[in-house]
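Printed here is model_7.cif (mmCIF, C-alpha atoms and all ligand atoms):
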```cif
data_final
loop_
_atom_site.label_atom_id
_atom_site.label_comp_id
_atom_site.auth_asym_id
_atom_site.auth_seq_id
_atom_site.Cartn_x
_atom_site.Cartn_y
_atom_site.Cartn_z
CA MET G 1 62.16 -0.19 32.86
CA ASN G 2 59.23 1.10 30.78
CA LYS G 3 59.25 4.83 30.23
CA GLU G 4 56.23 4.89 27.94
CA LYS G 5 52.61 5.21 28.93
CA LEU G 6 50.05 3.25 26.87
CA THR G 7 46.39 4.20 26.52
CA LEU G 8 43.96 1.81 24.85
CA LEU G 9 42.51 3.16 21.60
CA ILE G 10 40.97 0.06 19.92
CA GLY G 11 40.45 -3.21 21.77
CA GLY G 12 41.33 -6.62 20.39
CA GLU G 13 37.69 -7.71 20.01
CA GLU G 14 36.80 -4.62 18.03
CA ILE G 15 39.79 -5.19 15.77
CA GLY G 16 38.68 -8.80 15.27
CA ARG G 17 35.19 -7.72 14.22
CA ARG G 18 36.54 -5.12 11.79
CA VAL G 19 39.06 -7.53 10.26
CA ALA G 20 36.20 -9.99 9.67
CA GLU G 21 34.18 -7.24 7.93
CA LEU G 22 37.13 -6.29 5.75
CA ALA G 23 37.67 -9.95 4.83
CA GLU G 24 33.98 -10.24 3.84
CA ARG G 25 34.21 -7.21 1.56
CA ILE G 26 37.49 -8.26 0.02
CA SER G 27 36.23 -11.82 -0.53
CA ALA G 28 33.15 -10.45 -2.31
CA ASP G 29 35.19 -8.05 -4.45
CA TYR G 30 37.65 -10.77 -5.52
CA GLU G 31 35.12 -13.56 -6.03
CA GLY G 32 36.34 -16.03 -8.66
CA LYS G 33 39.88 -14.64 -8.47
CA GLN G 34 43.12 -15.76 -6.86
CA LEU G 35 44.54 -13.11 -4.57
CA LEU G 36 48.18 -12.35 -3.82
CA LEU G 37 48.61 -10.59 -0.49
CA VAL G 38 51.75 -8.46 -0.24
CA CYS G 39 52.39 -8.03 3.47
CA VAL G 40 54.54 -5.04 4.38
CA LEU G 41 56.99 -6.19 7.09
CA LYS G 42 57.04 -6.09 9.98
CA GLY G 43 54.06 -4.10 11.24
CA ALA G 44 51.40 -5.68 9.01
CA VAL G 45 52.26 -9.30 9.88
CA ILE G 46 49.54 -9.81 12.48
CA PHE G 47 46.87 -7.99 10.49
CA ALA G 48 47.79 -9.89 7.30
CA SER G 49 47.61 -13.29 9.01
CA ASP G 50 44.27 -12.55 10.70
CA LEU G 51 42.85 -11.16 7.45
CA MET G 52 44.15 -14.06 5.36
CA ARG G 53 42.55 -16.66 7.66
CA ARG G 54 39.16 -15.03 7.14
CA LEU G 55 39.29 -14.71 3.34
CA LYS G 56 36.93 -16.92 1.37
CA VAL G 57 38.90 -16.62 -1.90
CA PRO G 58 42.14 -18.53 -2.55
CA ALA G 59 45.07 -16.39 -1.43
CA GLU G 60 48.86 -16.54 -1.56
CA ILE G 61 51.12 -14.33 0.52
CA ASP G 62 54.49 -12.71 -0.09
CA PHE G 63 56.46 -10.22 2.00
CA ILE G 64 58.23 -6.96 1.34
CA ALA G 65 60.18 -4.79 3.78
CA VAL G 66 60.73 -1.08 3.35
CA SER G 67 62.81 1.29 5.40
CA SER G 68 60.97 2.44 8.49
CA TYR G 69 61.45 5.16 11.05
CA GLY G 70 63.46 3.05 13.50
CA SER G 71 63.09 4.34 17.02
CA ASP G 72 62.21 7.83 15.82
CA THR G 73 58.49 8.61 15.55
CA ALA G 74 58.89 11.26 12.86
CA SER G 75 58.75 10.46 9.14
CA SER G 76 62.07 10.67 7.33
CA GLY G 77 60.32 10.69 3.96
CA VAL G 78 62.95 8.31 2.58
CA VAL G 79 61.65 4.95 1.36
CA ARG G 80 63.90 2.04 0.39
CA ILE G 81 63.12 -1.61 -0.31
CA LEU G 82 65.05 -3.64 2.29
CA LYS G 83 63.61 -7.05 1.36
CA ASP G 84 61.94 -7.61 -1.98
CA LEU G 85 59.16 -10.04 -2.94
CA ASP G 86 60.20 -13.63 -3.65
CA LYS G 87 58.20 -13.96 -6.87
CA SER G 88 56.97 -11.97 -9.84
CA ILE G 89 53.57 -10.30 -9.47
CA LYS G 90 53.05 -9.95 -13.23
CA GLY G 91 49.42 -10.66 -14.20
CA LYS G 92 48.34 -11.22 -10.59
CA ASP G 93 45.60 -9.62 -8.52
CA VAL G 94 47.70 -8.02 -5.80
CA LEU G 95 46.50 -6.59 -2.50
CA ILE G 96 49.09 -4.70 -0.46
CA VAL G 97 48.46 -5.25 3.27
CA GLU G 98 49.77 -2.40 5.42
CA ASP G 99 49.45 -1.61 9.12
CA ILE G 100 49.02 2.16 8.96
CA VAL G 101 49.01 5.03 6.47
CA ASP G 102 50.50 8.19 7.91
CA THR G 103 52.12 10.67 5.50
CA GLY G 104 51.27 8.32 2.60
CA LEU G 105 54.88 8.35 1.37
CA THR G 106 55.51 4.63 1.90
CA LEU G 107 52.41 3.40 0.11
CA ASN G 108 52.65 6.00 -2.60
CA TYR G 109 56.12 4.73 -3.39
CA LEU G 110 55.24 1.03 -2.98
CA ARG G 111 52.18 1.30 -5.17
CA SER G 112 54.02 2.92 -8.08
CA SER G 113 56.98 0.58 -7.68
CA LEU G 114 54.73 -2.52 -7.78
CA LEU G 115 52.64 -1.11 -10.65
CA ASN G 116 55.82 -1.08 -12.76
CA ARG G 117 55.86 -4.87 -12.39
CA LYS G 118 52.56 -5.13 -14.29
CA PRO G 119 50.15 -6.85 -11.89
CA ARG G 120 46.65 -7.46 -13.27
CA SER G 121 45.27 -5.31 -10.47
CA LEU G 122 46.71 -3.58 -7.43
CA LYS G 123 44.82 -2.44 -4.36
CA VAL G 124 45.74 -1.49 -0.79
CA VAL G 125 44.21 -2.50 2.52
CA THR G 126 45.37 -0.77 5.68
CA LEU G 127 44.28 -1.49 9.21
CA LEU G 128 44.72 2.12 10.33
CA ASP G 129 44.70 5.47 8.60
CA LYS G 130 45.78 8.87 9.91
CA PRO G 131 44.41 11.09 7.09
CA VAL G 132 45.32 14.39 8.79
CA ARG G 133 49.04 13.53 8.49
CA ARG G 134 49.16 13.18 4.69
CA LYS G 135 52.07 14.72 2.80
CA VAL G 136 51.10 13.15 -0.52
CA GLU G 137 47.65 12.30 -1.81
CA PHE G 138 46.87 8.69 -1.01
CA THR G 139 43.57 6.89 -0.39
CA PRO G 140 43.60 3.21 0.59
CA ASP G 141 41.05 0.97 -1.15
CA TYR G 142 40.09 -0.64 2.16
CA CYS G 143 40.64 0.76 5.66
CA GLY G 144 39.95 -0.70 9.10
CA PHE G 145 39.89 2.43 11.24
CA GLU G 146 40.59 6.13 10.73
CA ILE G 147 42.43 7.42 13.79
CA PRO G 148 43.53 10.86 15.01
CA ASP G 149 47.10 12.07 14.94
CA HIS G 150 48.65 9.88 17.64
CA PHE G 151 51.59 7.49 17.54
CA VAL G 152 50.10 4.06 18.13
CA VAL G 153 51.48 0.61 18.98
CA GLY G 154 50.16 -2.91 19.32
CA TYR G 155 48.63 -5.53 16.98
CA GLY G 156 51.90 -5.63 15.02
CA LEU G 157 52.87 -1.98 15.36
CA ASP G 158 55.99 -1.27 17.36
CA TYR G 159 57.93 1.40 19.11
CA ASP G 160 61.61 0.47 18.90
CA GLU G 161 60.54 -3.19 18.28
CA LYS G 162 58.41 -3.25 21.43
CA TYR G 163 54.64 -3.80 21.87
CA ARG G 164 53.94 -5.72 18.62
CA GLN G 165 52.35 -8.59 20.56
CA LEU G 166 49.62 -6.51 22.22
CA GLU G 167 46.10 -7.55 21.16
CA GLY G 168 44.76 -4.00 20.99
CA ILE G 169 45.96 -0.70 19.55
CA TYR G 170 47.35 1.75 22.10
CA VAL G 171 48.37 5.39 21.97
CA LEU G 172 51.98 5.74 23.01
CA ASP G 173 52.65 8.67 25.23
CA PRO G 174 56.36 8.78 26.04
CA GLU G 175 57.22 10.50 29.28
CA LEU G 176 59.61 13.31 28.70
P1 LIG X 201 53.95 6.82 5.96
O1 LIG X 201 54.95 6.54 4.89
O2 LIG X 201 52.51 6.73 5.51
O3 LIG X 201 54.25 8.12 6.65
O4 LIG X 201 54.17 5.78 7.11
C1 LIG X 201 53.92 4.46 7.02
C2 LIG X 201 54.75 3.71 8.03
O5 LIG X 201 55.15 4.52 9.13
C3 LIG X 201 53.94 2.59 8.63
O6 LIG X 201 54.06 1.41 7.88
C4 LIG X 201 54.59 2.45 10.00
O7 LIG X 201 55.70 1.61 9.92
C5 LIG X 201 55.06 3.83 10.35
N1 LIG X 201 54.11 4.55 11.21
C6 LIG X 201 53.37 5.62 10.89
N2 LIG X 201 52.59 5.99 11.91
C7 LIG X 201 52.83 5.13 12.90
C8 LIG X 201 52.31 4.97 14.23
O8 LIG X 201 51.45 5.70 14.73
N3 LIG X 201 52.81 3.92 14.95
C9 LIG X 201 53.75 3.08 14.47
N4 LIG X 201 54.16 2.08 15.28
N5 LIG X 201 54.26 3.18 13.23
C10 LIG X 201 53.80 4.20 12.46
#
```
With the file now loaded, output its structure as structure tokens.
Ligand code: 5GP
Amino acid sequence: MNKEKLTLLIGGEEIGRRVAELAERISADYEGKQLLLVCVLKGAVIFASDLMRRLKVPAEIDFIAVSSYGSDTASSGVVRILKDLDKSIKGKDVLIVEDIVDTGLTLNYLRSSLLNRKPRSLKVVTLLDKPVRRKVEFTPDYCGFEIPDHFVVGYGLDYDEKYRQLEGIYVLDPEL
């Protein structure tokens, strides 16, 4: 039985168009380079694979998992690496691919942790950004959509592991 109510925020076609635009910009910015995408599991998997297929520069992909909020929608502020990258990123042009920036704590931590490993460059692309929720200063290099302060699901984002397979982004409105 579903207790949650979903309201469409961004449709699948609009996401597709925006991902294509981001891929164009990133391909232009990294022309002549070899890109290493660092996909943050699990939420960014669908975004990363759609983005990667549209890149015009050679790209590798690796995966990292950090502690998430579980079934709670509030930020714990505690970030831990649960699954690390398979290979060294030293000397590489690295682009972190994230689903959403909320408080900024996760990416703030990930960025400084990966910078310690001496990549040649390190940038961040996020599909969604909720700037009003920031607890630490963080600005992604590339962003798909800025959204208001709602908990969203779909296109890789989950609530308690549900809804990742939805094509669009939906606002989750749990019934109390
Ligand atoms: P931050 O550290 O910026 O607060 O949060 C980043 C992580 O929190 C995201 O990678 C995502 O896992 C989770 N998160 C933040 N906001 C949302 C949201 O609206 N929906 C979902 N499904 N996850 C979110």
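Residues in contact with stretch 32-43 of chain G at 6 Å, where only C-alpha atoms are counted and same-chain residues fewer than 3 positions away are skipped, are listed as Pro58, Ala59, Glu60, Ile61, Asp62, Phe63, Ile64, Ala65, Asp93, Val94, Leu95, Ile96, Val97, Glu98, Asp99, Gly156 and Leu157 of chain G.
Atom CA of G:Ser88 sits 13.5 Å away from atom CA of G:Leu122.
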Where does chain G meet ligand LIG 201 (chain X) within 8 Å, residue by residue, with the nearest atom pair and distance in Å to one decimal for each, counting only C-alpha atoms and all ligand atoms, listed by chain and rising number, as a tab-separated table?
```
residue	atom	partner	partner_atom	distance
G:Val40	CA	X:LIG201	O6	7.4
G:Lys42	CA	X:LIG201	O7	7.8
G:Gly43	CA	X:LIG201	O7	6.1
G:Ala44	CA	X:LIG201	O6	7.7
G:Ser68	CA	X:LIG201	O7	5.5
G:Tyr69	CA	X:LIG201	C5	6.6
G:Thr73	CA	X:LIG201	C10	7.1
G:Ser75	CA	X:LIG201	O3	5.7
G:Gly77	CA	X:LIG201	O1	6.9
G:Val79	CA	X:LIG201	O1	7.7
G:Glu98	CA	X:LIG201	O6	6.2
G:Asp99	CA	X:LIG201	O6	5.6
G:Ile100	CA	X:LIG201	C3	4.9
G:Val101	CA	X:LIG201	O2	4.0
G:Asp102	CA	X:LIG201	O2	3.5
G:Thr103	CA	X:LIG201	O3	3.5
G:Gly104	CA	X:LIG201	O2	3.5
G:Leu105	CA	X:LIG201	O1	4.0
G:Thr106	CA	X:LIG201	O1	3.6
G:Leu107	CA	X:LIG201	O1	6.3
G:Asn108	CA	X:LIG201	O1	7.9
G:Lys130	CA	X:LIG201	N2	7.7
G:Arg133	CA	X:LIG201	O3	7.7
G:Arg134	CA	X:LIG201	O2	7.3
G:Lys135	CA	X:LIG201	O3	7.9
G:Asp149	CA	X:LIG201	O8	7.7
G:His150	CA	X:LIG201	O8	5.8
G:Phe151	CA	X:LIG201	O8	3.3
G:Val152	CA	X:LIG201	O8	4.0
G:Val153	CA	X:LIG201	N4	4.8
G:Gly154	CA	X:LIG201	N4	7.6
G:Leu157	CA	X:LIG201	N4	4.3
G:Asp158	CA	X:LIG201	N4	4.3
G:Tyr159	CA	X:LIG201	N4	5.4
G:Val171	CA	X:LIG201	O8	7.9
```
Writer output for current selection, C-alpha atoms, as a compact mmCIF listing (two decimals), in the frame of the given file:
```txt
# COMPACT_ATOMS: atom_id res chain seq x y z
CA VAL G 40 54.54 -5.04 4.38
CA LYS G 42 57.04 -6.09 9.98
CA GLY G 43 54.06 -4.10 11.24
CA ALA G 44 51.40 -5.68 9.01
CA SER G 68 60.97 2.44 8.49
CA TYR G 69 61.45 5.16 11.05
CA THR G 73 58.49 8.61 15.55
CA SER G 75 58.75 10.46 9.14
CA GLY G 77 60.32 10.69 3.96
CA VAL G 79 61.65 4.95 1.36
CA GLU G 98 49.77 -2.40 5.42
CA ASP G 99 49.45 -1.61 9.12
CA ILE G 100 49.02 2.16 8.96
CA VAL G 101 49.01 5.03 6.47
CA ASP G 102 50.50 8.19 7.91
CA THR G 103 52.12 10.67 5.50
CA GLY G 104 51.27 8.32 2.60
CA LEU G 105 54.88 8.35 1.37
CA THR G 106 55.51 4.63 1.90
CA LEU G 107 52.41 3.40 0.11
CA ASN G 108 52.65 6.00 -2.60
CA LYS G 130 45.78 8.87 9.91
CA ARG G 133 49.04 13.53 8.49
CA ARG G 134 49.16 13.18 4.69
CA LYS G 135 52.07 14.72 2.80
CA ASP G 149 47.10 12.07 14.94
CA HIS G 150 48.65 9.88 17.64
CA PHE G 151 51.59 7.49 17.54
CA VAL G 152 50.10 4.06 18.13
CA VAL G 153 51.48 0.61 18.98
CA GLY G 154 50.16 -2.91 19.32
CA LEU G 157 52.87 -1.98 15.36
CA ASP G 158 55.99 -1.27 17.36
CA TYR G 159 57.93 1.40 19.11
CA VAL G 171 48.37 5.39 21.97
```
TODO: Can you pull out every residue within 6 Å of G:Val66, counting all atoms listed in the file, but drop anything in the same chain fewer than 2 positions away, and send it as a VMD selection string?
DONE: chain G and resid 80 to 82
Task: Distance criterion (all atoms listed in the file): nearest to G:Lys5 out of G:Arg117, G:Leu172, G:Ser49, G:Gly144 - done: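 Nearest candidate to G:Lys5 out of G:Arg117, G:Leu172, G:Ser49, G:Gly144: G:Leu172.
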Task: Which residue of G:Lys123, G:Val45, G:Leu9, G:Ser67 approaches G:Asp84 most closely, using only C-alpha atoms - done: G:Ser67
TODO: Show which residues sit within 8 Å of G:Phe145, as a list in words. Count only C-alpha atoms, and ignore same-chain residues fewer than 3 positions away.
DONE: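 Counting only the stated atoms, we get Leu127, Leu128 and Asp129 of chain G.
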- [ ] May I have the residues at most 10 Å from (36.1, -17.8, 4.0) in the file's coordinates, counting only C-alpha atoms, as a PyMOL selection string?
- [x] chain G and resi 20+23-24+27+52-58
Task: Gap from atom CA of G:Val125 to atom CA of G:Arg25 - Å, one decimal - done: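 Answer for the atom CA of G:Val125 to atom CA of G:Arg25 separation: 11.1 Å.
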TODO: Show which residues sit within 9 Å of G:Leu8, as a list in words. Count only C-alpha atoms, and ignore same-chain residues fewer than 4 positions away.
DONE: Gly168, Ile169, Tyr170 and Val171 of chain G
Task: Computed interatomic separation between atom CA of G:Asp141 and atom CA of G:Asn116 (Å) - done: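 If I compute the distance from atom CA of G:Asp141 to atom CA of G:Asn116, I get 18.9 Å.
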